[in-house]
Each structure stands twice: as C-alpha cells, then as structure tokens.
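Trainee: File target.cif follows (mmCIF, C-alpha atoms):
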data_work
#
loop_
_atom_site.group_PDB
_atom_site.id
_atom_site.type_symbol
_atom_site.label_atom_id
_atom_site.label_comp_id
_atom_site.auth_asym_id
_atom_site.auth_seq_id
_atom_site.Cartn_x
_atom_site.Cartn_y
_atom_site.Cartn_z
ATOM 1 C CA MET A 82 0.000 0.000 0.000
ATOM 2 C CA THR A 83 1.198 3.528 -0.759
ATOM 3 C CA GLY A 84 2.304 5.345 2.357
ATOM 4 C CA GLY A 85 0.179 8.123 3.760
ATOM 5 C CA ASN A 86 0.810 11.867 3.659
ATOM 6 C CA LEU A 87 1.976 13.835 6.674
ATOM 7 C CA LEU A 88 0.110 17.162 6.845
ATOM 8 C CA VAL A 89 1.827 19.584 9.202
ATOM 9 C CA ILE A 90 -0.520 22.317 10.447
ATOM 10 C CA SER A 91 0.473 25.473 12.314
ATOM 11 C CA ALA A 92 -1.723 28.380 13.365
ATOM 12 C CA PRO A 93 -1.716 31.085 16.023
ATOM 13 C CA SER A 94 -3.871 30.359 19.061
ATOM 14 C CA GLY A 95 -7.441 31.534 18.428
ATOM 15 C CA THR A 96 -7.311 31.204 14.640
ATOM 16 C CA GLY A 97 -10.045 28.543 14.566
ATOM 17 C CA LYS A 98 -7.851 25.627 13.603
ATOM 18 C CA THR A 99 -9.832 23.064 15.607
ATOM 19 C CA THR A 100 -13.098 24.295 14.123
ATOM 20 C CA ILE A 101 -11.676 23.763 10.629
ATOM 21 C CA LEU A 102 -10.173 20.353 11.351
ATOM 22 C CA ARG A 103 -13.271 18.816 12.945
ATOM 23 C CA PRO A 104 -15.385 18.541 9.725
ATOM 24 C CA VAL A 105 -12.327 17.667 7.632
ATOM 25 C CA LEU A 106 -11.557 14.685 9.863
ATOM 26 C CA ARG A 107 -15.235 13.711 9.900
ATOM 27 C CA ASP A 108 -15.741 13.848 6.135
ATOM 28 C CA LEU A 109 -12.503 12.410 4.704
ATOM 29 C CA ALA A 110 -11.672 8.725 5.092
ATOM 30 C CA ASN A 111 -8.218 7.482 6.107
ATOM 31 C CA LEU A 112 -7.336 10.766 7.775
ATOM 32 C CA ALA A 113 -6.291 10.870 11.428
ATOM 33 C CA PHE A 114 -5.107 13.413 13.967
ATOM 34 C CA SER A 115 -1.789 12.835 15.679
ATOM 35 C CA VAL A 116 -2.144 13.100 19.459
ATOM 36 C CA SER A 117 0.840 14.997 20.868
ATOM 37 C CA HIS A 118 2.527 14.650 24.241
ATOM 38 C CA THR A 119 2.497 17.689 26.518
ATOM 39 C CA THR A 120 3.621 18.650 29.994
ATOM 40 C CA ARG A 121 0.823 21.183 30.497
ATOM 41 C CA ALA A 122 -2.138 20.398 32.720
ATOM 42 C CA PRO A 123 -5.322 19.202 30.987
ATOM 43 C CA ARG A 124 -8.221 21.623 30.648
ATOM 44 C CA ALA A 125 -11.617 20.682 32.041
ATOM 45 C CA SER A 126 -12.961 19.262 28.760
ATOM 46 C CA GLU A 127 -9.781 17.435 27.705
ATOM 47 C CA ILE A 128 -9.252 13.681 27.935
ATOM 48 C CA ASN A 129 -5.864 12.026 28.230
ATOM 49 C CA GLY A 130 -5.099 10.046 25.077
ATOM 50 C CA ARG A 131 -7.743 11.821 23.007
ATOM 51 C CA ASP A 132 -6.700 15.460 23.123
ATOM 52 C CA TYR A 133 -3.119 14.999 24.335
ATOM 53 C CA HIS A 134 -0.942 12.489 26.110
ATOM 54 C CA PHE A 135 -0.421 14.381 29.356
ATOM 55 C CA VAL A 136 2.956 13.561 30.900
ATOM 56 C CA SER A 137 5.252 14.979 33.558
ATOM 57 C CA THR A 138 8.312 17.028 32.671
ATOM 58 C CA ALA A 139 10.516 14.091 33.711
ATOM 59 C CA GLU A 140 8.562 11.652 31.514
ATOM 60 C CA PHE A 141 8.788 14.045 28.575
ATOM 61 C CA ALA A 142 12.536 14.427 29.042
ATOM 62 C CA GLY A 143 12.955 10.655 29.107
ATOM 63 C CA ILE A 144 11.129 10.184 25.802
ATOM 64 C CA ARG A 145 13.061 13.056 24.241
ATOM 65 C CA GLU A 146 16.449 11.708 25.348
ATOM 66 C CA ALA A 147 15.558 8.278 23.935
ATOM 67 C CA GLY A 148 14.870 9.831 20.515
ATOM 68 C CA GLY A 149 11.159 9.116 20.778
ATOM 69 C CA PHE A 150 9.955 12.444 19.409
ATOM 70 C CA LEU A 151 9.771 13.291 15.724
ATOM 71 C CA GLU A 152 9.831 16.927 16.839
ATOM 72 C CA TRP A 153 9.416 18.793 20.103
ATOM 73 C CA ALA A 154 9.176 22.386 21.257
ATOM 74 C CA ARG A 155 8.681 24.539 24.314
ATOM 75 C CA VAL A 156 5.573 26.705 23.967
ATOM 76 C CA HIS A 157 4.059 28.996 26.630
ATOM 77 C CA ASP A 158 6.387 27.448 29.259
ATOM 78 C CA ASN A 159 5.227 23.903 28.480
ATOM 79 C CA PHE A 160 6.737 21.150 26.333
ATOM 80 C CA TYR A 161 5.003 19.527 23.353
ATOM 81 C CA GLY A 162 6.218 16.597 21.268
ATOM 82 C CA THR A 163 5.148 14.191 18.521
ATOM 83 C CA SER A 164 5.661 10.452 18.929
ATOM 84 C CA ARG A 165 7.936 9.170 16.175
ATOM 85 C CA GLN A 166 6.704 5.586 16.493
ATOM 86 C CA ALA A 167 3.002 6.472 16.307
ATOM 87 C CA VAL A 168 3.356 8.694 13.232
ATOM 88 C CA ASP A 169 5.653 6.326 11.335
ATOM 89 C CA GLY A 170 3.307 3.403 11.980
ATOM 90 C CA GLN A 171 0.216 5.213 10.738
ATOM 91 C CA LEU A 172 1.945 6.561 7.633
ATOM 92 C CA ALA A 173 3.322 3.117 6.772
ATOM 93 C CA GLY A 174 -0.235 1.779 6.938
ATOM 94 C CA GLY A 175 -1.374 4.246 4.257
ATOM 95 C CA GLN A 176 -3.175 6.648 6.568
ATOM 96 C CA ASP A 177 -2.851 10.415 6.160
ATOM 97 C CA ILE A 178 -1.878 12.108 9.419
ATOM 98 C CA ILE A 179 -2.590 15.671 10.538
ATOM 99 C CA LEU A 180 0.157 16.949 12.788
ATOM 100 C CA ASP A 181 -0.864 20.074 14.721
ATOM 101 C CA ILE A 182 2.370 21.697 15.888
ATOM 102 C CA ASP A 183 3.743 25.164 16.418
ATOM 103 C CA VAL A 184 6.172 26.922 14.083
ATOM 104 C CA GLN A 185 9.230 25.735 16.050
ATOM 105 C CA GLY A 186 8.331 22.078 15.535
ATOM 106 C CA ALA A 187 7.343 22.598 11.905
ATOM 107 C CA MET A 188 10.698 24.166 11.101
ATOM 108 C CA GLN A 189 12.425 21.188 12.758
ATOM 109 C CA LEU A 190 10.552 18.849 10.415
ATOM 110 C CA LYS A 191 11.401 20.964 7.367
ATOM 111 C CA LYS A 192 15.063 20.265 8.017
ATOM 112 C CA LEU A 193 14.552 16.485 7.887
ATOM 113 C CA ALA A 194 14.837 14.520 4.659
ATOM 114 C CA ASN A 195 12.295 12.009 5.943
ATOM 115 C CA PRO A 196 9.386 12.084 6.358
ATOM 116 C CA ALA A 197 8.368 14.246 3.440
ATOM 117 C CA ALA A 198 5.590 16.486 4.706
ATOM 118 C CA ILE A 199 3.055 19.007 3.413
ATOM 119 C CA PHE A 200 3.123 22.223 5.437
ATOM 120 C CA ILE A 201 -0.113 24.212 5.880
ATOM 121 C CA PHE A 202 -0.376 27.508 7.760
ATOM 122 C CA ILE A 203 -3.774 28.734 8.967
ATOM 123 C CA ALA A 204 -3.973 32.474 9.606
ATOM 124 C CA PRO A 205 -6.607 34.863 10.955
ATOM 125 C CA PRO A 206 -7.889 37.565 8.580
ATOM 126 C CA SER A 207 -6.136 40.213 10.712
ATOM 127 C CA MET A 208 -4.433 40.706 14.066
ATOM 128 C CA ALA A 209 -7.404 42.791 15.204
ATOM 129 C CA GLU A 210 -9.775 39.908 14.457
ATOM 130 C CA LEU A 211 -7.477 37.485 16.243
ATOM 131 C CA GLU A 212 -7.486 39.699 19.338
ATOM 132 C CA ARG A 213 -11.288 39.866 19.178
ATOM 133 C CA ARG A 214 -11.546 36.061 19.008
ATOM 134 C CA LEU A 215 -9.114 35.502 21.867
ATOM 135 C CA THR A 216 -10.882 38.065 24.018
ATOM 136 C CA GLY A 217 -14.239 36.470 23.236
ATOM 137 C CA ARG A 218 -13.120 33.109 24.617
ATOM 138 C CA ASN A 219 -12.942 34.623 28.117
ATOM 139 C CA THR A 220 -10.039 32.314 28.952
ATOM 140 C CA GLU A 221 -7.171 34.789 28.773
ATOM 141 C CA THR A 222 -5.768 37.135 31.371
ATOM 142 C CA PRO A 223 -4.425 40.475 30.091
ATOM 143 C CA ALA A 224 -0.893 39.069 30.410
ATOM 144 C CA SER A 225 -1.655 35.813 28.576
ATOM 145 C CA LEU A 226 -3.524 37.708 25.843
ATOM 146 C CA LYS A 227 -0.493 39.917 25.299
ATOM 147 C CA THR A 228 1.762 36.852 25.128
ATOM 148 C CA ARG A 229 -0.470 35.047 22.648
ATOM 149 C CA LEU A 230 -0.695 38.093 20.372
ATOM 150 C CA HIS A 231 3.070 38.539 20.498
ATOM 151 C CA ASN A 232 3.595 34.866 19.631
ATOM 152 C CA ALA A 233 0.999 35.084 16.852
ATOM 153 C CA ALA A 234 2.891 37.918 15.184
ATOM 154 C CA MET A 235 6.087 35.859 15.315
ATOM 155 C CA GLU A 236 4.343 32.771 13.946
ATOM 156 C CA MET A 237 2.691 34.659 11.100
ATOM 157 C CA SER A 238 6.080 36.029 10.031
ATOM 158 C CA GLN A 239 6.994 32.402 9.193
ATOM 159 C CA ALA A 240 3.935 31.703 7.017
ATOM 160 C CA ALA A 241 5.956 31.992 3.808
ATOM 161 C CA GLU A 242 7.906 28.868 4.846
ATOM 162 C CA TYR A 243 4.750 26.748 4.413
ATOM 163 C CA ASP A 244 3.476 25.118 1.227
ATOM 164 C CA TYR A 245 -0.100 26.366 1.663
ATOM 165 C CA LEU A 246 -1.772 29.312 3.376
ATOM 166 C CA ILE A 247 -5.409 29.220 4.498
ATOM 167 C CA VAL A 248 -6.934 32.437 5.841
ATOM 168 C CA ASN A 249 -9.810 31.591 8.169
ATOM 169 C CA ASP A 250 -12.113 34.486 7.342
ATOM 170 C CA VAL A 251 -15.141 32.568 5.985
ATOM 171 C CA LEU A 252 -15.203 29.233 7.820
ATOM 172 C CA ASP A 253 -16.872 27.154 5.078
ATOM 173 C CA GLU A 254 -14.309 28.365 2.547
ATOM 174 C CA ALA A 255 -11.404 27.533 4.866
ATOM 175 C CA ILE A 256 -12.784 24.012 5.377
ATOM 176 C CA ALA A 257 -13.243 23.528 1.615
ATOM 177 C CA ILE A 258 -9.673 24.652 0.900
ATOM 178 C CA PHE A 259 -8.269 22.299 3.519
ATOM 179 C CA LYS A 260 -10.196 19.357 2.053
ATOM 180 C CA ALA A 261 -9.002 20.300 -1.443
ATOM 181 C CA ILE A 262 -5.370 20.231 -0.285
ATOM 182 C CA VAL A 263 -5.762 16.732 1.194
ATOM 183 C CA ILE A 264 -7.481 15.422 -1.939
ATOM 184 C CA ALA A 265 -4.928 17.026 -4.289
ATOM 185 C CA GLN A 266 -2.032 15.507 -2.355
ATOM 186 C CA ARG A 267 -3.680 12.093 -2.583
ATOM 187 C CA ALA A 268 -4.041 12.442 -6.342
ATOM 188 C CA ALA A 269 -0.395 13.527 -6.632
ATOM 189 C CA HIS A 270 0.640 10.281 -4.932
ATOM 190 C CA ARG A 271 -1.636 8.096 -7.083
ATOM 191 C CA ARG A 272 -4.302 7.641 -4.441
ATOM 192 C CA ASP A 273 -8.059 7.979 -4.808
ATOM 193 C CA LEU A 274 -10.514 10.217 -2.921
ATOM 194 C CA ALA A 275 -10.661 7.798 0.013
ATOM 195 C CA GLY A 276 -6.876 7.587 0.205
ATOM 196 C CA HIS A 277 -6.489 4.126 -1.347
ATOM 197 C CA ALA A 278 -3.610 3.395 -3.719
ATOM 198 C CA ILE A 279 -4.539 3.310 -7.410
ATOM 199 C CA THR A 280 -3.062 0.073 -8.692
ATOM 200 C CA ASN A 281 -4.854 -0.608 -11.986
ATOM 201 C CA LEU A 282 -3.079 2.028 -14.108
#
Give the structure from this file in structure tokens form.

Mentor:
Amino acid sequence: MTGGNLLVISAPSGTGKTTILRPVLRDLANLAFSVSHTTRAPRASEINGRDYHFVSTAEFAGIREAGGFLEWARVHDNFYGTSRQAVDGQLAGGQDIILDIDVQGAMQLKKLANPAAIFIFIAPPSMAELERRLTGRNTETPASLKTRLHNAAMEMSQAAEYDYLIVNDVLDEAIAIFKAIVIAQRAAHRRDLAGHAITNL
C-alpha cells in the first residue's frame, strides 16, 4: 500500500484551527489526527489520550532523550512533542496524518529529509480579528492575551515557509480549501478520494 501523507498544520492560538479540522476529519476517510505529548495540565474538557498524552516534565525528558519524538518544542512554558513511532506506523499503513504543531516544531521537520511532509499555515484575517476572538473566549488574562498576540505575530512572520496558506475568514471556505489540499495531495501520490492506492493504471 502507498504510504500516507503527513500534513503539518500550524496556526496562532485563536485562529479557529480546531473548528476547521473537525469537519475535515469527519468527512474524509483514512485521515487521522496525531495526538501529541504535553507537559501542560489538561483543561476541564480534555481527555488524556484523546486530546493529548499528558505527561510529567521528567517523563517528557525521558522520551526526548531516547529519541522518541519526531519533533518537540517549548511553547508557553510547556513542552510539546510528537511520537515518532506512532506517526511512522500510521503513515506506513497508508493513513494520512494531521500533525498540529507550532512553528518551532514545523521548522524542525522541514530540516529532515524524511518524512516528506506538506506544510499548511492557517492564519486569521487580521491581528485585530485574532485579538477579538481571543478576548471572546474569556479564557485569557491580560498578560496571557499579550503573550499570545506577540507569539501570533512571530508565527505569522513564518507563514511563507509553508506550502499552503489558508486564511480563516469565511469558515466554510477555509474548510473547503483544507479538504481540497488533502485530496490534491492524494491524487499527486496516485491515491483515490478515500486515500487508497490506485493500482490498476
């Protein structure tokens, strides 16, 4: 079976990335979300193993030192990493994997010869709109809001390093563009709409 595609997604906090990904994952077959490891505490609605693998700083360091992460980064004073074994296994089985990581981790992957990845950056229509969305969540303190906006500006300065740019202004259009990218990449690798290898040509 033809190996799957690794889709590396980065977006500033509050851009609406999760809202875009939810229908894409629901509607496209053979597409999965890579569950990252993190040292941050789970939020009230999050479930260990579904949203993240929540680990201690010592556990994270142990995996990192053993070479178990495909990439890792420190973000907002917490560590995040992607399991090398989990991603390689899913790709080898022909499944497309969405890897949601920050710009630091994405740039690490760009330096690797393997795996070949497709890099997609999701941006807000403007910094003012991003600030409005973050404020509307009612989860940020003034200090954390300032930090997130500062980090967003830094992240958006790296958007040109990505293969695709999606501006999440009109949600339905952003979802359609994301689906089109997945489907086009499948066709480029001789795979059909459902992600299966085309073997009769």

Trainee: Can you list, as JSON, numbers by chain, the residues that the PyMOL selection byres ((chain A and resi 186) around 12) selects here?

Mentor: {"A": [89, 90, 91, 117, 150, 151, 152, 153, 154, 155, 156, 160, 161, 162, 163, 180, 181, 182, 183, 184, 185, 187, 188, 189, 190, 191, 192, 193, 200, 236]}

Trainee: Please compute the CA of Arg218 in chain A-CA of Leu102 in chain A distance, one decimal, in Å.

Mentor: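 Distance reported for this atom pair: 18.6 Å.
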
Trainee: Rounded to one decimal place, report the CA of Arg124 in chain A-CA of Leu106 in chain A distance in Å.

Mentor: 22.2 Å

Trainee: Measuring between all atoms listed in the file, which one of A:Thr96, A:Asn86, A:Thr138, A:Ser126 shows the shortest distance to Ala113 in chain A?

Mentor: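 Smallest separation from Ala113 in chain A among the options: A:Asn86.
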
Trainee: Name the residues that the PyMOL selection byres ((chain A and resi 257-260) around 9) picks from the file above, as a PDB file with C-alpha atoms, in the coordinates of the input, using the file's chain letters and numbers.

Mentor:
ATOM      1  CA  ILE A 101     -11.676  23.763  10.629  1.00  0.00           C
ATOM      2  CA  LEU A 102     -10.173  20.353  11.351  1.00  0.00           C
ATOM      3  CA  VAL A 105     -12.327  17.667   7.632  1.00  0.00           C
ATOM      4  CA  ASP A 108     -15.741  13.848   6.135  1.00  0.00           C
ATOM      5  CA  LEU A 109     -12.503  12.410   4.704  1.00  0.00           C
ATOM      6  CA  ILE A 201      -0.113  24.212   5.880  1.00  0.00           C
ATOM      7  CA  ILE A 247      -5.409  29.220   4.498  1.00  0.00           C
ATOM      8  CA  LEU A 252     -15.203  29.233   7.820  1.00  0.00           C
ATOM      9  CA  ASP A 253     -16.872  27.154   5.078  1.00  0.00           C
ATOM     10  CA  GLU A 254     -14.309  28.365   2.547  1.00  0.00           C
ATOM     11  CA  ALA A 255     -11.404  27.533   4.866  1.00  0.00           C
ATOM     12  CA  ILE A 256     -12.784  24.012   5.377  1.00  0.00           C
ATOM     13  CA  ALA A 261      -9.002  20.300  -1.443  1.00  0.00           C
ATOM     14  CA  ILE A 262      -5.370  20.231  -0.285  1.00  0.00           C
ATOM     15  CA  VAL A 263      -5.762  16.732   1.194  1.00  0.00           C
ATOM     16  CA  ILE A 264      -7.481  15.422  -1.939  1.00  0.00           C
ATOM     17  CA  ALA A 265      -4.928  17.026  -4.289  1.00  0.00           C
TER      18      ALA A 265
END

Trainee: What is the distance between CA of Ala209 in chain A and CA of Met237 in chain A, in Å to one decimal?

Mentor: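 Rounded to one decimal, the two atoms are 13.6 Å apart.
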
Trainee: Taking all atoms listed in the file into account, which of A:Asp158, A:Glu212, A:Asp177, A:Asp244 comes nearest Ile199 in chain A?

Mentor: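 For Ile199 in chain A, the nearest of the candidates is A:Asp244.
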
Trainee: At a cut-off of 12 Å, using only C-alpha atoms, what residues contact Glu210 in chain A? Leave out same-chain residues fewer than 2 positions from it and give the result as a PyMOL selection string.

Mentor: chain A and resi 95-97+204-208+212-217+230+248-250

Trainee: Can you write out the residues you just picked, keeping C-alpha atoms, as a short mmCIF file (atom, residue, chain, number, x, y, z; two decimals), keeping the file's coordinate frame?

Mentor:
data_model
loop_
_atom_site.label_atom_id
_atom_site.label_comp_id
_atom_site.auth_asym_id
_atom_site.auth_seq_id
_atom_site.Cartn_x
_atom_site.Cartn_y
_atom_site.Cartn_z
CA GLY A 95 -7.44 31.53 18.43
CA THR A 96 -7.31 31.20 14.64
CA GLY A 97 -10.04 28.54 14.57
CA ALA A 204 -3.97 32.47 9.61
CA PRO A 205 -6.61 34.86 10.96
CA PRO A 206 -7.89 37.56 8.58
CA SER A 207 -6.14 40.21 10.71
CA MET A 208 -4.43 40.71 14.07
CA GLU A 212 -7.49 39.70 19.34
CA ARG A 213 -11.29 39.87 19.18
CA ARG A 214 -11.55 36.06 19.01
CA LEU A 215 -9.11 35.50 21.87
CA THR A 216 -10.88 38.06 24.02
CA GLY A 217 -14.24 36.47 23.24
CA LEU A 230 -0.70 38.09 20.37
CA VAL A 248 -6.93 32.44 5.84
CA ASN A 249 -9.81 31.59 8.17
CA ASP A 250 -12.11 34.49 7.34
#

Trainee: Which residue, A:Pro93, A:His157, A:Leu246, A:Ala147, has the smallest gap to Thr119 in chain A when you use only C-alpha atoms?

Mentor: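 Once distances to Thr119 in chain A are computed over only C-alpha atoms, the minimum belongs to A:His157.
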
Trainee: Report as a PyMOL selection string the full result of the PyMOL selection byres ((chain A and resi 165-170) around 6) when it is applied to this structure.

Mentor: chain A and resi 149-151+164+171-173

Trainee: Given only C-alpha atoms as the basis, pick out the residue of A:Ala198, A:Ala224, A:Gly85, A:Thr99 nearest to His270 in chain A.

Mentor: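 Answer, going by the shortest atom-to-atom distance: A:Gly85.
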
Trainee: Tell me which of A:Tyr245, A:Val136, A:Ser94, A:Ala197 sits closest to Thr228 in chain A, counting all atoms listed in the file.

Mentor: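 Closest candidate: A:Ser94.
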